[in-house]
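Printed here is model_17.pdb (PDB, C-alpha atoms):
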```pdb
ATOM      1  CA  ILE A 646     112.144 119.079 115.210  1.00  0.00           C
ATOM      2  CA  GLY A 647     108.511 118.076 115.011  1.00  0.00           C
ATOM      3  CA  GLY A 648     108.873 114.690 113.345  1.00  0.00           C
ATOM      4  CA  GLU A 649     111.512 115.678 110.794  1.00  0.00           C
ATOM      5  CA  THR A 650     113.057 112.524 109.355  1.00  0.00           C
ATOM      6  CA  SER A 651     116.796 112.009 108.880  1.00  0.00           C
ATOM      7  CA  GLU A 652     116.447 108.698 107.032  1.00  0.00           C
ATOM      8  CA  ASN A 653     118.196 108.000 103.759  1.00  0.00           C
ATOM      9  CA  PRO A 654     116.085 109.827 101.139  1.00  0.00           C
ATOM     10  CA  GLU A 655     116.851 107.040  98.647  1.00  0.00           C
ATOM     11  CA  LEU A 656     114.727 104.728 100.793  1.00  0.00           C
ATOM     12  CA  LEU A 657     111.750 107.109 100.932  1.00  0.00           C
ATOM     13  CA  THR A 658     108.965 107.353  98.364  1.00  0.00           C
ATOM     14  CA  THR A 659     105.955 109.683  98.269  1.00  0.00           C
ATOM     15  CA  PHE A 660     102.623 108.488  96.884  1.00  0.00           C
ATOM     16  CA  ARG A 661     100.221 111.347  96.123  1.00  0.00           C
ATOM     17  CA  TYR A 662      96.518 110.953  95.336  1.00  0.00           C
ATOM     18  CA  LYS A 663      93.535 113.210  94.870  1.00  0.00           C
ATOM     19  CA  LEU A 664      91.037 113.040  97.706  1.00  0.00           C
ATOM     20  CA  LYS A 665      87.496 112.066  96.888  1.00  0.00           C
ATOM     21  CA  LEU A 666      85.083 114.837  97.806  1.00  0.00           C
ATOM     22  CA  PRO A 667      84.682 114.495 101.588  1.00  0.00           C
ATOM     23  CA  ARG A 668      81.371 114.741 103.379  1.00  0.00           C
ATOM     24  CA  ALA A 669      80.215 118.294 104.064  1.00  0.00           C
ATOM     25  CA  GLU A 670      81.241 118.142 107.718  1.00  0.00           C
ATOM     26  CA  GLN A 671      84.667 116.733 106.815  1.00  0.00           C
ATOM     27  CA  LEU A 672      85.221 119.426 104.212  1.00  0.00           C
ATOM     28  CA  GLN A 673      84.309 122.064 106.772  1.00  0.00           C
ATOM     29  CA  LEU A 674      86.689 120.489 109.287  1.00  0.00           C
ATOM     30  CA  LEU A 675      89.510 120.492 106.729  1.00  0.00           C
ATOM     31  CA  VAL A 676      88.992 124.179 106.007  1.00  0.00           C
ATOM     32  CA  GLN A 677      88.742 125.000 109.716  1.00  0.00           C
ATOM     33  CA  SER A 678      91.914 123.031 110.478  1.00  0.00           C
ATOM     34  CA  LEU A 679      93.828 124.903 107.780  1.00  0.00           C
ATOM     35  CA  GLY A 680      92.535 128.198 109.181  1.00  0.00           C
ATOM     36  CA  CYS A 681      93.523 127.197 112.719  1.00  0.00           C
ATOM     37  CA  GLN A 682      96.980 126.211 111.535  1.00  0.00           C
ATOM     38  CA  ARG A 683      97.383 129.548 109.757  1.00  0.00           C
ATOM     39  CA  TRP A 684      96.328 131.379 112.935  1.00  0.00           C
ATOM     40  CA  VAL A 685      98.856 129.434 115.050  1.00  0.00           C
ATOM     41  CA  TYR A 686     101.650 130.144 112.580  1.00  0.00           C
ATOM     42  CA  ASN A 687     100.887 133.876 112.517  1.00  0.00           C
ATOM     43  CA  GLN A 688     100.565 134.054 116.295  1.00  0.00           C
ATOM     44  CA  ALA A 689     103.900 132.323 116.782  1.00  0.00           C
ATOM     45  CA  LEU A 690     105.560 134.516 114.167  1.00  0.00           C
ATOM     46  CA  ALA A 691     104.203 137.633 115.893  1.00  0.00           C
ATOM     47  CA  VAL A 692     105.692 136.410 119.178  1.00  0.00           C
ATOM     48  CA  GLN A 693     109.072 135.842 117.553  1.00  0.00           C
ATOM     49  CA  GLU A 694     109.082 139.217 115.801  1.00  0.00           C
ATOM     50  CA  ASN A 695     108.131 140.974 119.024  1.00  0.00           C
ATOM     51  CA  ARG A 696     110.994 139.291 120.865  1.00  0.00           C
ATOM     52  CA  VAL A 697     113.465 140.370 118.198  1.00  0.00           C
ATOM     53  CA  GLU A 698     112.215 143.957 118.435  1.00  0.00           C
ATOM     54  CA  ASN A 699     112.823 143.789 122.198  1.00  0.00           C
ATOM     55  CA  LYS A 700     116.329 142.411 121.547  1.00  0.00           C
ATOM     56  CA  GLU A 701     115.418 138.974 122.883  1.00  0.00           C
ATOM     57  CA  LYS A 702     116.162 135.595 121.343  1.00  0.00           C
ATOM     58  CA  ARG A 703     113.464 133.811 119.398  1.00  0.00           C
ATOM     59  CA  LEU A 704     111.744 131.055 121.318  1.00  0.00           C
ATOM     60  CA  PRO A 705     112.764 127.442 120.575  1.00  0.00           C
ATOM     61  CA  TYR A 706     110.281 124.844 119.372  1.00  0.00           C
ATOM     62  CA  LYS A 707     109.647 123.468 122.864  1.00  0.00           C
ATOM     63  CA  ASP A 708     108.597 126.870 124.232  1.00  0.00           C
ATOM     64  CA  LEU A 709     106.369 127.528 121.224  1.00  0.00           C
ATOM     65  CA  CYS A 710     104.594 124.229 121.886  1.00  0.00           C
ATOM     66  CA  SER A 711     103.971 125.390 125.457  1.00  0.00           C
ATOM     67  CA  LEU A 712     102.403 128.554 124.062  1.00  0.00           C
ATOM     68  CA  LEU A 713     100.280 126.418 121.762  1.00  0.00           C
ATOM     69  CA  VAL A 714      98.833 124.614 124.788  1.00  0.00           C
ATOM     70  CA  GLU A 715      97.959 127.982 126.350  1.00  0.00           C
ATOM     71  CA  TRP A 716      96.323 129.219 123.158  1.00  0.00           C
ATOM     72  CA  LYS A 717      94.180 126.088 122.930  1.00  0.00           C
ATOM     73  CA  GLU A 718      93.068 126.516 126.546  1.00  0.00           C
ATOM     74  CA  LYS A 719      92.007 130.105 125.881  1.00  0.00           C
ATOM     75  CA  ASN A 720      90.437 129.459 122.470  1.00  0.00           C
ATOM     76  CA  GLU A 721      88.083 126.508 122.521  1.00  0.00           C
ATOM     77  CA  TRP A 722      87.478 126.767 118.765  1.00  0.00           C
ATOM     78  CA  MET A 723      91.068 125.571 118.186  1.00  0.00           C
ATOM     79  CA  ASN A 724      90.206 122.122 119.514  1.00  0.00           C
ATOM     80  CA  VAL A 725      88.461 121.205 116.242  1.00  0.00           C
ATOM     81  CA  SER A 726      91.882 120.914 114.612  1.00  0.00           C
ATOM     82  CA  PRO A 727      94.183 117.882 114.947  1.00  0.00           C
ATOM     83  CA  SER A 728      97.156 118.662 117.202  1.00  0.00           C
ATOM     84  CA  GLN A 729      99.908 117.229 114.986  1.00  0.00           C
ATOM     85  CA  PRO A 730      99.572 119.727 112.114  1.00  0.00           C
ATOM     86  CA  LEU A 731      99.597 122.631 114.598  1.00  0.00           C
ATOM     87  CA  GLN A 732     102.849 121.390 116.093  1.00  0.00           C
ATOM     88  CA  GLN A 733     104.241 120.835 112.615  1.00  0.00           C
ATOM     89  CA  THR A 734     103.532 124.401 111.536  1.00  0.00           C
ATOM     90  CA  LEU A 735     105.619 125.627 114.489  1.00  0.00           C
ATOM     91  CA  ALA A 736     108.443 123.290 113.461  1.00  0.00           C
ATOM     92  CA  HIS A 737     108.122 124.536 109.889  1.00  0.00           C
ATOM     93  CA  MET A 738     108.561 128.134 111.026  1.00  0.00           C
ATOM     94  CA  ILE A 739     111.627 127.236 113.132  1.00  0.00           C
ATOM     95  CA  ARG A 740     113.218 125.484 110.143  1.00  0.00           C
ATOM     96  CA  GLY A 741     112.337 128.478 107.972  1.00  0.00           C
ATOM     97  CA  PHE A 742     114.278 130.833 110.224  1.00  0.00           C
ATOM     98  CA  GLN A 743     117.211 128.412 110.373  1.00  0.00           C
ATOM     99  CA  ALA A 744     117.384 128.145 106.593  1.00  0.00           C
ATOM    100  CA  TRP A 745     117.078 131.928 106.165  1.00  0.00           C
ATOM    101  CA  ARG A 746     119.891 132.629 108.651  1.00  0.00           C
ATOM    102  CA  GLN A 747     122.203 130.066 107.066  1.00  0.00           C
ATOM    103  CA  SER A 748     121.512 130.960 103.412  1.00  0.00           C
ATOM    104  CA  PRO A 749     119.652 134.291 103.088  1.00  0.00           C
ATOM    105  CA  GLU A 750     120.472 134.366  99.388  1.00  0.00           C
ATOM    106  CA  LEU A 751     118.523 131.136  98.866  1.00  0.00           C
ATOM    107  CA  PHE A 752     115.714 131.308 101.421  1.00  0.00           C
ATOM    108  CA  ASP A 753     113.257 134.067 102.305  1.00  0.00           C
ATOM    109  CA  LYS A 754     112.574 135.125 105.858  1.00  0.00           C
ATOM    110  CA  PRO A 755     109.318 133.616 107.200  1.00  0.00           C
ATOM    111  CA  THR A 756     106.368 135.946 106.672  1.00  0.00           C
ATOM    112  CA  PHE A 757     102.760 136.018 107.829  1.00  0.00           C
ATOM    113  CA  LYS A 758     100.373 133.668 106.028  1.00  0.00           C
ATOM    114  CA  LYS A 759      97.423 135.162 104.168  1.00  0.00           C
ATOM    115  CA  LYS A 760      93.915 133.749 104.265  1.00  0.00           C
ATOM    116  CA  LYS A 761      93.433 134.094 100.514  1.00  0.00           C
ATOM    117  CA  LYS A 762      96.262 131.698  99.744  1.00  0.00           C
ATOM    118  CA  LYS A 763      94.810 128.383  98.577  1.00  0.00           C
ATOM    119  CA  GLN A 764      97.955 126.266  98.701  1.00  0.00           C
ATOM    120  CA  GLU A 765      98.231 124.943 102.241  1.00  0.00           C
ATOM    121  CA  SER A 766      98.851 121.601 103.906  1.00  0.00           C
ATOM    122  CA  LEU A 767      98.298 119.602 107.089  1.00  0.00           C
ATOM    123  CA  VAL A 768     101.118 117.259 108.143  1.00  0.00           C
ATOM    124  CA  PHE A 769     100.590 114.140 110.280  1.00  0.00           C
ATOM    125  CA  PRO A 770     104.046 112.822 111.286  1.00  0.00           C
ATOM    126  CA  SER A 771     102.997 110.049 113.719  1.00  0.00           C
ATOM    127  CA  PRO A 772     102.122 106.784 111.914  1.00  0.00           C
ATOM    128  CA  ASN A 773     100.917 105.187 115.160  1.00  0.00           C
ATOM    129  CA  GLN A 774      97.954 107.583 115.116  1.00  0.00           C
ATOM    130  CA  ILE A 775      97.046 106.792 111.511  1.00  0.00           C
ATOM    131  CA  VAL A 776      95.056 103.847 110.162  1.00  0.00           C
ATOM    132  CA  TRP A 777      95.897 103.206 106.502  1.00  0.00           C
ATOM    133  CA  ASP A 778      94.867 100.172 104.519  1.00  0.00           C
ATOM    134  CA  GLY A 779      96.823 101.138 101.388  1.00  0.00           C
ATOM    135  CA  ARG A 780      93.733 100.401  99.285  1.00  0.00           C
ATOM    136  CA  GLY A 781      91.995 103.741  98.989  1.00  0.00           C
ATOM    137  CA  SER A 782      91.178 104.995 102.474  1.00  0.00           C
ATOM    138  CA  VAL A 783      92.885 106.371 105.571  1.00  0.00           C
ATOM    139  CA  VAL A 784      91.725 107.345 109.063  1.00  0.00           C
ATOM    140  CA  LEU A 785      93.313 110.491 110.521  1.00  0.00           C
ATOM    141  CA  PRO A 786      92.949 112.100 113.969  1.00  0.00           C
ATOM    142  CA  LYS A 787      89.881 114.368 114.212  1.00  0.00           C
ATOM    143  CA  LEU A 788      89.241 114.117 110.433  1.00  0.00           C
ATOM    144  CA  GLY A 789      88.048 110.526 110.483  1.00  0.00           C
ATOM    145  CA  LYS A 790      87.977 108.285 107.418  1.00  0.00           C
ATOM    146  CA  LEU A 791      88.982 109.859 104.101  1.00  0.00           C
ATOM    147  CA  LYS A 792      88.885 108.186 100.685  1.00  0.00           C
ATOM    148  CA  TYR A 793      91.118 108.907  97.709  1.00  0.00           C
ATOM    149  CA  PHE A 794      91.432 107.943  94.043  1.00  0.00           C
ATOM    150  CA  ARG A 795      93.840 105.018  93.692  1.00  0.00           C
ATOM    151  CA  ASP A 796      96.040 104.161  90.723  1.00  0.00           C
ATOM    152  CA  LYS A 797      97.966 101.074  89.635  1.00  0.00           C
ATOM    153  CA  ARG A 798     101.092 101.815  91.672  1.00  0.00           C
ATOM    154  CA  VAL A 799     102.048  99.186  94.240  1.00  0.00           C
ATOM    155  CA  VAL A 800     102.622 100.709  97.674  1.00  0.00           C
ATOM    156  CA  ASP A 801     105.262  98.654  99.485  1.00  0.00           C
ATOM    157  CA  GLY A 802     106.941  99.823 102.659  1.00  0.00           C
ATOM    158  CA  THR A 803     106.410 101.378 106.082  1.00  0.00           C
ATOM    159  CA  LEU A 804     104.361 104.544 106.494  1.00  0.00           C
ATOM    160  CA  ARG A 805     106.325 107.502 107.839  1.00  0.00           C
ATOM    161  CA  ARG A 806     104.121 110.574 107.315  1.00  0.00           C
ATOM    162  CA  VAL A 807     100.827 111.713 105.821  1.00  0.00           C
ATOM    163  CA  THR A 808     100.194 115.147 104.322  1.00  0.00           C
ATOM    164  CA  ILE A 809      96.896 116.623 103.184  1.00  0.00           C
ATOM    165  CA  SER A 810      97.377 119.546 100.809  1.00  0.00           C
ATOM    166  CA  ARG A 811      94.987 122.033  99.290  1.00  0.00           C
ATOM    167  CA  ASP A 812      95.481 123.317  95.766  1.00  0.00           C
ATOM    168  CA  GLY A 813      92.718 125.741  94.888  1.00  0.00           C
ATOM    169  CA  ASP A 814      89.447 123.909  95.469  1.00  0.00           C
ATOM    170  CA  ASP A 815      91.006 120.438  95.325  1.00  0.00           C
ATOM    171  CA  PHE A 816      92.502 118.400  98.157  1.00  0.00           C
ATOM    172  CA  TYR A 817      95.281 115.814  97.847  1.00  0.00           C
ATOM    173  CA  ILE A 818      96.788 113.285 100.215  1.00  0.00           C
ATOM    174  CA  SER A 819     100.433 112.172 100.214  1.00  0.00           C
ATOM    175  CA  PHE A 820     101.934 109.150 101.943  1.00  0.00           C
ATOM    176  CA  LEU A 821     105.655 109.178 102.710  1.00  0.00           C
ATOM    177  CA  VAL A 822     106.757 105.551 102.785  1.00  0.00           C
ATOM    178  CA  LYS A 823     110.049 103.946 103.725  1.00  0.00           C
ATOM    179  CA  ASN A 824     110.855 101.321 101.136  1.00  0.00           C
ATOM    180  CA  ASP A 825     111.955  97.816 102.016  1.00  0.00           C
ATOM    181  CA  SER A 826     115.759  97.916 101.741  1.00  0.00           C
ATOM    182  CA  SER A 827     115.693  94.532 100.000  1.00  0.00           C
ATOM    183  CA  CYS A 828     113.811  96.168  97.121  1.00  0.00           C
ATOM    184  CA  VAL A 829     116.460  98.829  96.600  1.00  0.00           C
ATOM    185  CA  ARG A 830     118.939  98.033  93.876  1.00  0.00           C
ATOM    186  CA  PRO A 831     122.543  98.230  95.196  1.00  0.00           C
ATOM    187  CA  PRO A 832     124.997 100.533  93.402  1.00  0.00           C
ATOM    188  CA  ALA A 833     127.092  99.046  90.634  1.00  0.00           C
ATOM    189  CA  ASP A 834     130.500  97.641  91.618  1.00  0.00           C
ATOM    190  CA  ILE A 835     132.824  99.980  89.761  1.00  0.00           C
ATOM    191  CA  ALA A 836     135.817  97.766  90.553  1.00  0.00           C
ATOM    192  CA  LYS A 837     134.282  94.948  88.494  1.00  0.00           C
ATOM    193  CA  ALA A 838     133.517  97.107  85.459  1.00  0.00           C
ATOM    194  CA  CYS A 839     135.331  96.220  82.248  1.00  0.00           C
ATOM    195  CA  GLY A 840     135.808  97.624  78.790  1.00  0.00           C
ATOM    196  CA  ILE A 841     134.396  96.018  75.638  1.00  0.00           C
ATOM    197  CA  ASP A 842     136.011  96.074  72.193  1.00  0.00           C
ATOM    198  CA  LEU A 843     133.983  95.116  69.134  1.00  0.00           C
ATOM    199  CA  GLY A 844     136.547  93.803  66.640  1.00  0.00           C
ATOM    200  CA  VAL A 845     136.875  92.110  63.264  1.00  0.00           C
ATOM    201  CA  VAL A 846     138.874  88.972  64.142  1.00  0.00           C
ATOM    202  CA  ASN A 847     137.046  88.381  67.395  1.00  0.00           C
ATOM    203  CA  ARG A 848     133.459  89.492  67.717  1.00  0.00           C
ATOM    204  CA  VAL A 849     133.811  90.715  71.324  1.00  0.00           C
ATOM    205  CA  ALA A 850     136.978  91.130  73.417  1.00  0.00           C
ATOM    206  CA  LEU A 851     137.022  92.272  77.048  1.00  0.00           C
ATOM    207  CA  ASP A 852     139.891  94.128  78.664  1.00  0.00           C
ATOM    208  CA  ASP A 853     140.404  91.228  81.087  1.00  0.00           C
ATOM    209  CA  GLY A 854     141.474  89.003  78.142  1.00  0.00           C
ATOM    210  CA  SER A 855     138.188  87.192  77.614  1.00  0.00           C
ATOM    211  CA  VAL A 856     137.168  86.652  73.969  1.00  0.00           C
ATOM    212  CA  PHE A 857     133.726  85.774  72.650  1.00  0.00           C
ATOM    213  CA  ASP A 858     132.801  84.665  69.126  1.00  0.00           C
ATOM    214  CA  PHE A 859     129.056  84.287  68.569  1.00  0.00           C
TER     215      PHE A 859
END
```
For the file at hand, write its structure as structure tokens.
Amino acid sequence: IGGETSENPELLTTFRYKLKLPRAEQLQLLVQSLGCQRWVYNQALAVQENRVENKEKRLPYKDLCSLLVEWKEKNEWMNVSPSQPLQQTLAHMIRGFQAWRQSPELFDKPTFKKKKKKQESLVFPSPNQIVWDGRGSVVLPKLGKLKYFRDKRVVDGTLRRVTISRDGDDFYISFLVKNDSSCVRPPADIAKACGIDLGVVNRVALDDGSVFDF
């Protein structure tokens, strides 16, 4: 649903950096996009709750995306926000209900998002719509070019997803990268493991009969 990856998590690495203070118009667009995403999530949740009250099934992701198109046609202000994060917030709600139904003792039922909460994120799951040089800047749909504080880590791999998150008054950007499989260390061959005995007569003796004196 909505760009969810099923790849081996051992081959995925997340690189997170603090965003440099964007230009005033970019900062405003970030805040507006988060607000638009919150509105879409709450609207979709209200639709689902209303259907349950009327003893109807909750809408699947595809039907919610159709509603999203209708909402954007009726509310021109929504067009300031990138489309991908809006679709992702619908997918996030669907997964939230799935997790809650399967394990209610572990997961809470999805609830309405509050405006005062300052821990939110925008997810961009389509790498083909992202321009990333890996050296301190990235270009995202609608948001344009954003710069971030680099560190000494070497980023090696294929970009899979970008997430912009807000924590209080600070913004961060995370890159989910698929590592080159050739750089992943293979698991140890348990069948070839051997025991080692440190003795007095022979310095080192292995359980396969090998003896080493050094």
Return as a tab-separated table the residues of stretch 800-826 of chain A lying at most 6 Å from stretch 657-676 of chain A, together with the closest atom-to-atom pair for each and the distance in Å to one decimal, counting all atoms listed in the file, with rows in chain order and ascending residue number.
```
residue	atom	partner	partner_atom	distance
A:Phe816	CA	A:Leu664	CA	5.6
A:Tyr817	CA	A:Lys663	CA	4.3
A:Ile818	CA	A:Tyr662	CA	5.4
A:Ser819	CA	A:Arg661	CA	4.2
A:Phe820	CA	A:Phe660	CA	5.1
A:Leu821	CA	A:Thr659	CA	4.5
A:Val822	CA	A:Thr658	CA	5.3
A:Lys823	CA	A:Leu657	CA	4.5
A:Asn824	CA	A:Leu657	CA	5.9
```
Note to self: Evaluated on this file, the PyMOL selection byres ((chain A and resi 808) around 7) picks out some residues - which ones are they, written as a ChimeraX atom specification?
What the structure shows: /A:766-769,806-807,809-810,818-820
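Here the PyMOL selection byres ((chain A and resi 795) around 9) captures the residues Tyr662, Lys663, Arg780, Gly781, Tyr793, Phe794, Asp796, Lys797 and Arg798 of chain A.
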Dump as JSON lines the rows for residues of stretch 707-778 of chain A within 12 Å of stretch 680-686 of chain A: closest atom pair and distance in Å with one decimal, only C-alpha atoms counted, ordered by chain and rising residue number.
```
{"residue": "A:Leu709", "atom": "CA", "partner": "A:Val685", "partner_atom": "CA", "distance": 9.9}
{"residue": "A:Cys710", "atom": "CA", "partner": "A:Val685", "partner_atom": "CA", "distance": 10.3}
{"residue": "A:Leu712", "atom": "CA", "partner": "A:Val685", "partner_atom": "CA", "distance": 9.7}
{"residue": "A:Leu713", "atom": "CA", "partner": "A:Val685", "partner_atom": "CA", "distance": 7.5}
{"residue": "A:Val714", "atom": "CA", "partner": "A:Val685", "partner_atom": "CA", "distance": 10.9}
{"residue": "A:Glu715", "atom": "CA", "partner": "A:Val685", "partner_atom": "CA", "distance": 11.4}
{"residue": "A:Trp716", "atom": "CA", "partner": "A:Val685", "partner_atom": "CA", "distance": 8.5}
{"residue": "A:Lys717", "atom": "CA", "partner": "A:Val685", "partner_atom": "CA", "distance": 9.8}
{"residue": "A:Asn720", "atom": "CA", "partner": "A:Cys681", "partner_atom": "CA", "distance": 10.5}
{"residue": "A:Glu721", "atom": "CA", "partner": "A:Cys681", "partner_atom": "CA", "distance": 11.2}
{"residue": "A:Trp722", "atom": "CA", "partner": "A:Cys681", "partner_atom": "CA", "distance": 8.6}
{"residue": "A:Met723", "atom": "CA", "partner": "A:Cys681", "partner_atom": "CA", "distance": 6.2}
{"residue": "A:Asn724", "atom": "CA", "partner": "A:Cys681", "partner_atom": "CA", "distance": 9.1}
{"residue": "A:Val725", "atom": "CA", "partner": "A:Cys681", "partner_atom": "CA", "distance": 8.6}
{"residue": "A:Ser726", "atom": "CA", "partner": "A:Cys681", "partner_atom": "CA", "distance": 6.8}
{"residue": "A:Pro727", "atom": "CA", "partner": "A:Gln682", "partner_atom": "CA", "distance": 9.4}
{"residue": "A:Ser728", "atom": "CA", "partner": "A:Gln682", "partner_atom": "CA", "distance": 9.4}
{"residue": "A:Gln729", "atom": "CA", "partner": "A:Gln682", "partner_atom": "CA", "distance": 10.1}
{"residue": "A:Pro730", "atom": "CA", "partner": "A:Gln682", "partner_atom": "CA", "distance": 7.0}
{"residue": "A:Leu731", "atom": "CA", "partner": "A:Gln682", "partner_atom": "CA", "distance": 5.4}
{"residue": "A:Gln732", "atom": "CA", "partner": "A:Gln682", "partner_atom": "CA", "distance": 8.9}
{"residue": "A:Gln733", "atom": "CA", "partner": "A:Gln682", "partner_atom": "CA", "distance": 9.1}
{"residue": "A:Thr734", "atom": "CA", "partner": "A:Tyr686", "partner_atom": "CA", "distance": 6.1}
{"residue": "A:Leu735", "atom": "CA", "partner": "A:Tyr686", "partner_atom": "CA", "distance": 6.3}
{"residue": "A:Ala736", "atom": "CA", "partner": "A:Tyr686", "partner_atom": "CA", "distance": 9.7}
{"residue": "A:His737", "atom": "CA", "partner": "A:Tyr686", "partner_atom": "CA", "distance": 9.0}
{"residue": "A:Met738", "atom": "CA", "partner": "A:Tyr686", "partner_atom": "CA", "distance": 7.4}
{"residue": "A:Ile739", "atom": "CA", "partner": "A:Tyr686", "partner_atom": "CA", "distance": 10.4}
{"residue": "A:Gly741", "atom": "CA", "partner": "A:Tyr686", "partner_atom": "CA", "distance": 11.8}
{"residue": "A:Pro755", "atom": "CA", "partner": "A:Tyr686", "partner_atom": "CA", "distance": 10.0}
{"residue": "A:Thr756", "atom": "CA", "partner": "A:Tyr686", "partner_atom": "CA", "distance": 9.5}
{"residue": "A:Phe757", "atom": "CA", "partner": "A:Tyr686", "partner_atom": "CA", "distance": 7.6}
{"residue": "A:Lys758", "atom": "CA", "partner": "A:Arg683", "partner_atom": "CA", "distance": 6.3}
{"residue": "A:Lys759", "atom": "CA", "partner": "A:Arg683", "partner_atom": "CA", "distance": 7.9}
{"residue": "A:Lys760", "atom": "CA", "partner": "A:Gly680", "partner_atom": "CA", "distance": 7.5}
{"residue": "A:Lys761", "atom": "CA", "partner": "A:Gly680", "partner_atom": "CA", "distance": 10.5}
{"residue": "A:Lys762", "atom": "CA", "partner": "A:Arg683", "partner_atom": "CA", "distance": 10.3}
{"residue": "A:Lys763", "atom": "CA", "partner": "A:Gly680", "partner_atom": "CA", "distance": 10.8}
{"residue": "A:Gln764", "atom": "CA", "partner": "A:Arg683", "partner_atom": "CA", "distance": 11.5}
{"residue": "A:Glu765", "atom": "CA", "partner": "A:Arg683", "partner_atom": "CA", "distance": 8.9}
{"residue": "A:Ser766", "atom": "CA", "partner": "A:Gln682", "partner_atom": "CA", "distance": 9.1}
{"residue": "A:Leu767", "atom": "CA", "partner": "A:Gln682", "partner_atom": "CA", "distance": 8.1}
{"residue": "A:Val768", "atom": "CA", "partner": "A:Gln682", "partner_atom": "CA", "distance": 10.4}
```
Next item on the list: Provide the atom CA of A:Ser771 to atom CA of A:Gln747 distance in Å, to one decimal place.
Entry: 28.5 Å
